[in-house]
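input.csv (CSV, C-alpha atoms) appears below.
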chain,number,residue,atom,x,y,z
L,6,MET,CA,24.2,-59.7,-65.9
L,7,ARG,CA,24.2,-56.7,-68.2
L,8,TYR,CA,20.7,-56.0,-67.1
L,9,LEU,CA,21.8,-55.7,-63.4
L,10,MET,CA,24.7,-53.6,-64.4
L,11,PHE,CA,22.3,-51.1,-66.0
L,12,VAL,CA,19.5,-51.3,-63.3
L,13,ILE,CA,21.7,-50.9,-60.2
L,14,PRO,CA,23.3,-47.5,-61.3
L,15,CYS,CA,19.8,-46.3,-62.3
L,16,LEU,CA,18.3,-47.2,-59.0
L,17,PHE,CA,21.2,-45.6,-57.2
L,18,SER,CA,20.9,-42.3,-59.1
L,19,ILE,CA,17.1,-42.2,-58.5
L,20,ALA,CA,17.7,-42.7,-54.8
L,21,MET,CA,20.3,-40.0,-54.7
L,22,ASN,CA,18.1,-37.5,-56.6
L,23,THR,CA,15.0,-38.1,-54.3
L,24,ALA,CA,17.2,-37.8,-51.2
L,25,ILE,CA,18.6,-34.5,-52.4
L,26,ALA,CA,15.2,-33.1,-53.6
L,27,GLU,CA,13.5,-33.5,-50.3
L,28,PRO,CA,13.4,-30.4,-48.1
L,29,ILE,CA,14.9,-30.3,-44.7
L,30,VAL,CA,12.9,-28.6,-42.0
L,31,VAL,CA,14.6,-27.4,-38.8
L,32,LEU,CA,12.5,-26.4,-35.9
L,33,THR,CA,13.9,-24.1,-33.3
L,34,TYR,CA,12.4,-23.3,-30.0
L,35,GLY,CA,13.5,-20.1,-28.4
L,36,ALA,CA,12.3,-18.1,-25.4
L,37,ARG,CA,8.6,-17.4,-25.7
L,38,ASP,CA,7.6,-13.8,-25.3
L,39,ASN,CA,4.0,-13.8,-23.9
L,40,GLY,CA,3.8,-10.0,-23.6
L,41,GLY,CA,4.0,-9.9,-19.8
L,42,VAL,CA,1.0,-12.2,-19.4
L,43,GLU,CA,1.6,-15.0,-16.9
L,44,ASP,CA,1.2,-18.5,-18.1
L,45,ALA,CA,-2.1,-20.0,-16.8
L,46,THR,CA,-0.4,-23.3,-15.9
L,47,ASN,CA,2.2,-21.5,-13.7
L,48,SER,CA,-0.5,-19.5,-11.9
L,49,HIS,CA,-2.8,-22.5,-11.2
L,50,PRO,CA,-3.4,-22.8,-7.4
L,51,PHE,CA,-2.7,-26.5,-7.3
L,52,ARG,CA,0.7,-25.8,-8.9
L,53,MET,CA,1.6,-22.7,-7.0
L,54,ASP,CA,1.0,-24.3,-3.6
L,55,PRO,CA,1.6,-28.1,-3.5
L,56,ASP,CA,-0.5,-28.3,-0.3
L,57,TYR,CA,-3.5,-26.5,-1.7
L,58,SER,CA,-6.7,-28.6,-1.6
L,59,GLU,CA,-10.4,-27.9,-2.0
L,60,THR,CA,-13.8,-29.4,-1.1
L,61,HIS,CA,-16.7,-29.6,-3.5
L,62,GLU,CA,-20.4,-30.5,-3.2
L,63,VAL,CA,-21.5,-32.6,-6.1
L,64,ALA,CA,-24.5,-31.2,-8.0
L,65,GLN,CA,-27.1,-33.2,-9.8
L,66,ASP,CA,-25.9,-34.6,-13.2
L,67,GLU,CA,-22.3,-33.5,-12.5
L,68,THR,CA,-19.6,-35.9,-13.4
L,69,LEU,CA,-16.1,-36.4,-12.1
L,70,GLY,CA,-14.7,-35.2,-15.4
L,71,HIS,CA,-16.6,-31.9,-15.0
L,72,ILE,CA,-15.2,-31.4,-11.4
L,73,MET,CA,-11.7,-32.3,-12.5
L,74,ASN,CA,-11.9,-29.9,-15.4
L,75,ASP,CA,-13.2,-27.1,-13.1
L,76,TYR,CA,-10.5,-27.5,-10.4
L,77,TYR,CA,-7.5,-29.2,-12.1
L,78,GLY,CA,-8.0,-28.1,-15.7
L,79,GLY,CA,-5.0,-26.2,-16.9
L,80,SER,CA,-2.8,-27.4,-14.0
L,81,GLY,CA,-0.7,-29.6,-16.3
L,82,MET,CA,-1.3,-32.7,-14.0
L,83,ASN,CA,-2.1,-36.1,-15.5
L,84,MET,CA,-5.9,-36.4,-15.1
L,85,LYS,CA,-5.8,-40.2,-14.8
L,86,PHE,CA,-3.7,-39.9,-11.6
L,87,VAL,CA,-5.9,-37.1,-10.3
L,88,GLU,CA,-9.1,-39.2,-11.0
L,89,MET,CA,-7.6,-42.2,-9.2
L,90,ALA,CA,-6.6,-40.0,-6.2
L,91,ILE,CA,-10.0,-38.4,-5.9
L,92,VAL,CA,-11.8,-41.8,-6.0
L,93,GLN,CA,-9.3,-43.2,-3.4
L,94,VAL,CA,-9.8,-40.2,-1.0
L,95,ASN,CA,-13.6,-40.1,-1.4
L,96,ARG,CA,-14.8,-43.7,-1.5
L,97,HIS,CA,-18.1,-42.6,0.1
L,98,ALA,CA,-19.0,-40.4,-2.9
L,99,PHE,CA,-18.7,-43.2,-5.5
L,100,VAL,CA,-20.8,-46.3,-6.1
L,101,ARG,CA,-18.5,-49.2,-5.3
L,102,GLY,CA,-15.5,-47.0,-6.0
L,103,ASN,CA,-16.4,-46.5,-9.7
L,104,PRO,CA,-15.4,-43.1,-11.0
L,105,ASN,CA,-18.3,-43.2,-13.5
L,106,PHE,CA,-21.0,-43.3,-10.7
L,107,LEU,CA,-20.9,-40.3,-8.4
L,108,TYR,CA,-23.5,-39.6,-5.7
L,109,ALA,CA,-25.2,-36.2,-5.9
L,110,LYS,CA,-25.2,-33.9,-2.8
L,111,LYS,CA,-22.0,-35.5,-1.4
L,112,THR,CA,-19.1,-33.3,-0.4
L,113,ILE,CA,-15.8,-34.5,-1.8
L,114,ARG,CA,-12.3,-33.5,-0.9
L,115,LEU,CA,-10.0,-32.6,-3.9
L,116,PRO,CA,-6.5,-33.7,-2.9
L,117,SER,CA,-3.5,-31.5,-3.1
L,118,LEU,CA,-0.5,-32.2,-5.3
L,119,ASN,CA,1.5,-33.5,-2.3
L,120,GLN,CA,-1.4,-35.8,-1.3
L,121,ILE,CA,-1.6,-37.2,-4.8
L,122,LYS,CA,2.2,-37.8,-4.8
L,123,ALA,CA,1.9,-39.6,-1.5
L,124,LEU,CA,-0.9,-41.8,-2.8
L,125,LEU,CA,1.2,-42.7,-5.8
L,126,THR,CA,4.4,-43.4,-3.9
L,127,GLY,CA,2.8,-45.0,-0.9
L,128,ALA,CA,4.3,-42.4,1.5
L,129,LYS,CA,2.3,-40.9,4.3
L,130,PRO,CA,1.5,-37.2,3.7
L,131,GLU,CA,2.1,-34.9,6.6
L,132,ASN,CA,-1.3,-33.1,6.5
L,133,SER,CA,-3.6,-36.1,5.8
L,134,PRO,CA,-6.1,-37.3,8.4
L,135,SER,CA,-5.4,-40.6,10.0
L,136,GLN,CA,-6.8,-43.7,8.4
L,137,GLY,CA,-8.5,-45.0,11.5
L,138,GLY,CA,-9.1,-48.7,12.3
L,139,SER,CA,-10.6,-49.8,9.0
L,140,GLY,CA,-7.3,-51.5,8.0
L,141,ARG,CA,-7.4,-50.1,4.5
L,142,THR,CA,-4.7,-47.8,3.2
L,143,ASN,CA,-5.0,-44.9,0.8
L,144,GLU,CA,-2.5,-46.1,-1.8
L,145,ILE,CA,-2.8,-46.5,-5.5
L,146,TYR,CA,-1.2,-49.7,-6.9
L,147,PHE,CA,-0.3,-50.3,-10.6
L,148,PHE,CA,0.0,-53.9,-11.8
L,149,GLY,CA,1.0,-55.0,-15.3
L,150,GLY,CA,3.3,-53.5,-17.9
So that I can check it, write out the structure of this file as structure tokens.
Amino acid sequence: MRYLMFVIPCLFSIAMNTAIAEPIVVLTYGARDNGGVEDATNSHPFRMDPDYSETHEVAQDETLGHIMNDYYGGSGMNMKFVEMAIVQVNRHAFVRGNPNFLYAKKTIRLPSLNQIKALLTGAKPENSPSQGGSGRTNEIYFFGG
């Protein structure tokens, strides 16, 4: 019992000393002064105009990652969603819909921000071409947790 009465106050004092000795770091984030230079994310064409879209002819040995980096890089968009939207809109340019296998010399349509949102939410975008009689829809579904 005496042993516990000696050990407990010692442990308590050690714990108090280590808690007091540790430094406290406070990070503050204020307005960023960029010297009048506009942020590249805010001036990106896909962010400035939500209806902006492009077409691209796939070159030999070009990957979807290269294309996405060239057009959507720095836009602040989630690249996984952009990849799924490009594959969904351009099934003809991919081997069995696989984003890792892209046909060369195919012209692909790079969807706008509004078109990507419509694919994700299942809504019909105003400026998208009609689906035709194939019975397939251009929607992206997520299953699981």
Could you check how far CA of Ile72 in chain L sits from CA of Gly127 in chain L, in Å to one decimal? 24.9 Å
Within-12 Å shell of (-1.6, -25.8, -14.7) in input frame, all atoms listed in the file, as a VMD selection string: chain L and resid 43 to 55 74 to 84 118
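Closest to Tyr108 in chain L among L:Met73, L:Arg96, L:Val87, L:Tyr57 is L:Arg96, based on all atoms listed in the file.
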Can you pull out every residue within 12 Å of Val100 in chain L, counting only C-alpha atoms, but drop anything in the same chain fewer than 6 positions away, and send it as an MDAnalysis selection string? chainID L and resid 92 106:109 111
Output C-alpha atoms for every residue in that selection, as a PDB file, keeping the file's coordinate frame.
ATOM      1  CA  VAL L  92     -11.800 -41.800  -6.000  1.00  0.00           C
ATOM      2  CA  PHE L 106     -21.000 -43.300 -10.700  1.00  0.00           C
ATOM      3  CA  LEU L 107     -20.900 -40.300  -8.400  1.00  0.00           C
ATOM      4  CA  TYR L 108     -23.500 -39.600  -5.700  1.00  0.00           C
ATOM      5  CA  ALA L 109     -25.200 -36.200  -5.900  1.00  0.00           C
ATOM      6  CA  LYS L 111     -22.000 -35.500  -1.400  1.00  0.00           C
TER       7      LYS L 111
END
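Computed from the coordinates, the CA of Ala98 in chain L to CA of Thr126 in chain L distance equals 23.6 Å.
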Enter the distance from CA of Ala64 in chain L to CA of Phe86 in chain L, in Å, rounded to one decimal.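 Those two atoms sit 22.8 Å apart.
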Find the residues around Thr60 in chain L up to 6 Å (all atoms listed in the file counted), leave out those fewer than 3 positions away in its own chain, and share them as an mmCIF file with C-alpha atoms, in the frame of the given file.
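File produced: out_19.cif:
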data_model
loop_
_atom_site.group_PDB
_atom_site.id
_atom_site.type_symbol
_atom_site.label_atom_id
_atom_site.label_comp_id
_atom_site.auth_asym_id
_atom_site.auth_seq_id
_atom_site.Cartn_x
_atom_site.Cartn_y
_atom_site.Cartn_z
ATOM 1 C CA ILE L 113 -15.800 -34.500 -1.800
ATOM 2 C CA ARG L 114 -12.300 -33.500 -0.900
ATOM 3 C CA LEU L 115 -10.000 -32.600 -3.900
#
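Among L:Glu62, L:Asp56, L:Glu88, L:Glu67, the residue with the shortest atom-to-atom distance to Pro104 in chain L, counting all atoms listed in the file, is L:Glu88.
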Just checking: using only C-alpha atoms, which residue out of L:Glu59, L:Thr68, L:Thr112, L:Lys122 ends up closest to Asn95 in chain L? L:Thr112
List the spatial neighbours of Val94 in chain L as a PyMOL selection string - criterion: any atom at most 10 Å away, all atoms listed in the file, same-chain residues fewer than 5 positions off excluded. chain L and resi 89+113-116+120-121+124+143-144
Give me a file of those residues, with C-alpha atoms, as a CSV table (one decimal), keeping the file's coordinate frame.
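Once everything was written out, this is again00.csv:
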chain,number,residue,atom,x,y,z
L,89,MET,CA,-7.6,-42.2,-9.2
L,113,ILE,CA,-15.8,-34.5,-1.8
L,114,ARG,CA,-12.3,-33.5,-0.9
L,115,LEU,CA,-10.0,-32.6,-3.9
L,116,PRO,CA,-6.5,-33.7,-2.9
L,120,GLN,CA,-1.4,-35.8,-1.3
L,121,ILE,CA,-1.6,-37.2,-4.8
L,124,LEU,CA,-0.9,-41.8,-2.8
L,143,ASN,CA,-5.0,-44.9,0.8
L,144,GLU,CA,-2.5,-46.1,-1.8
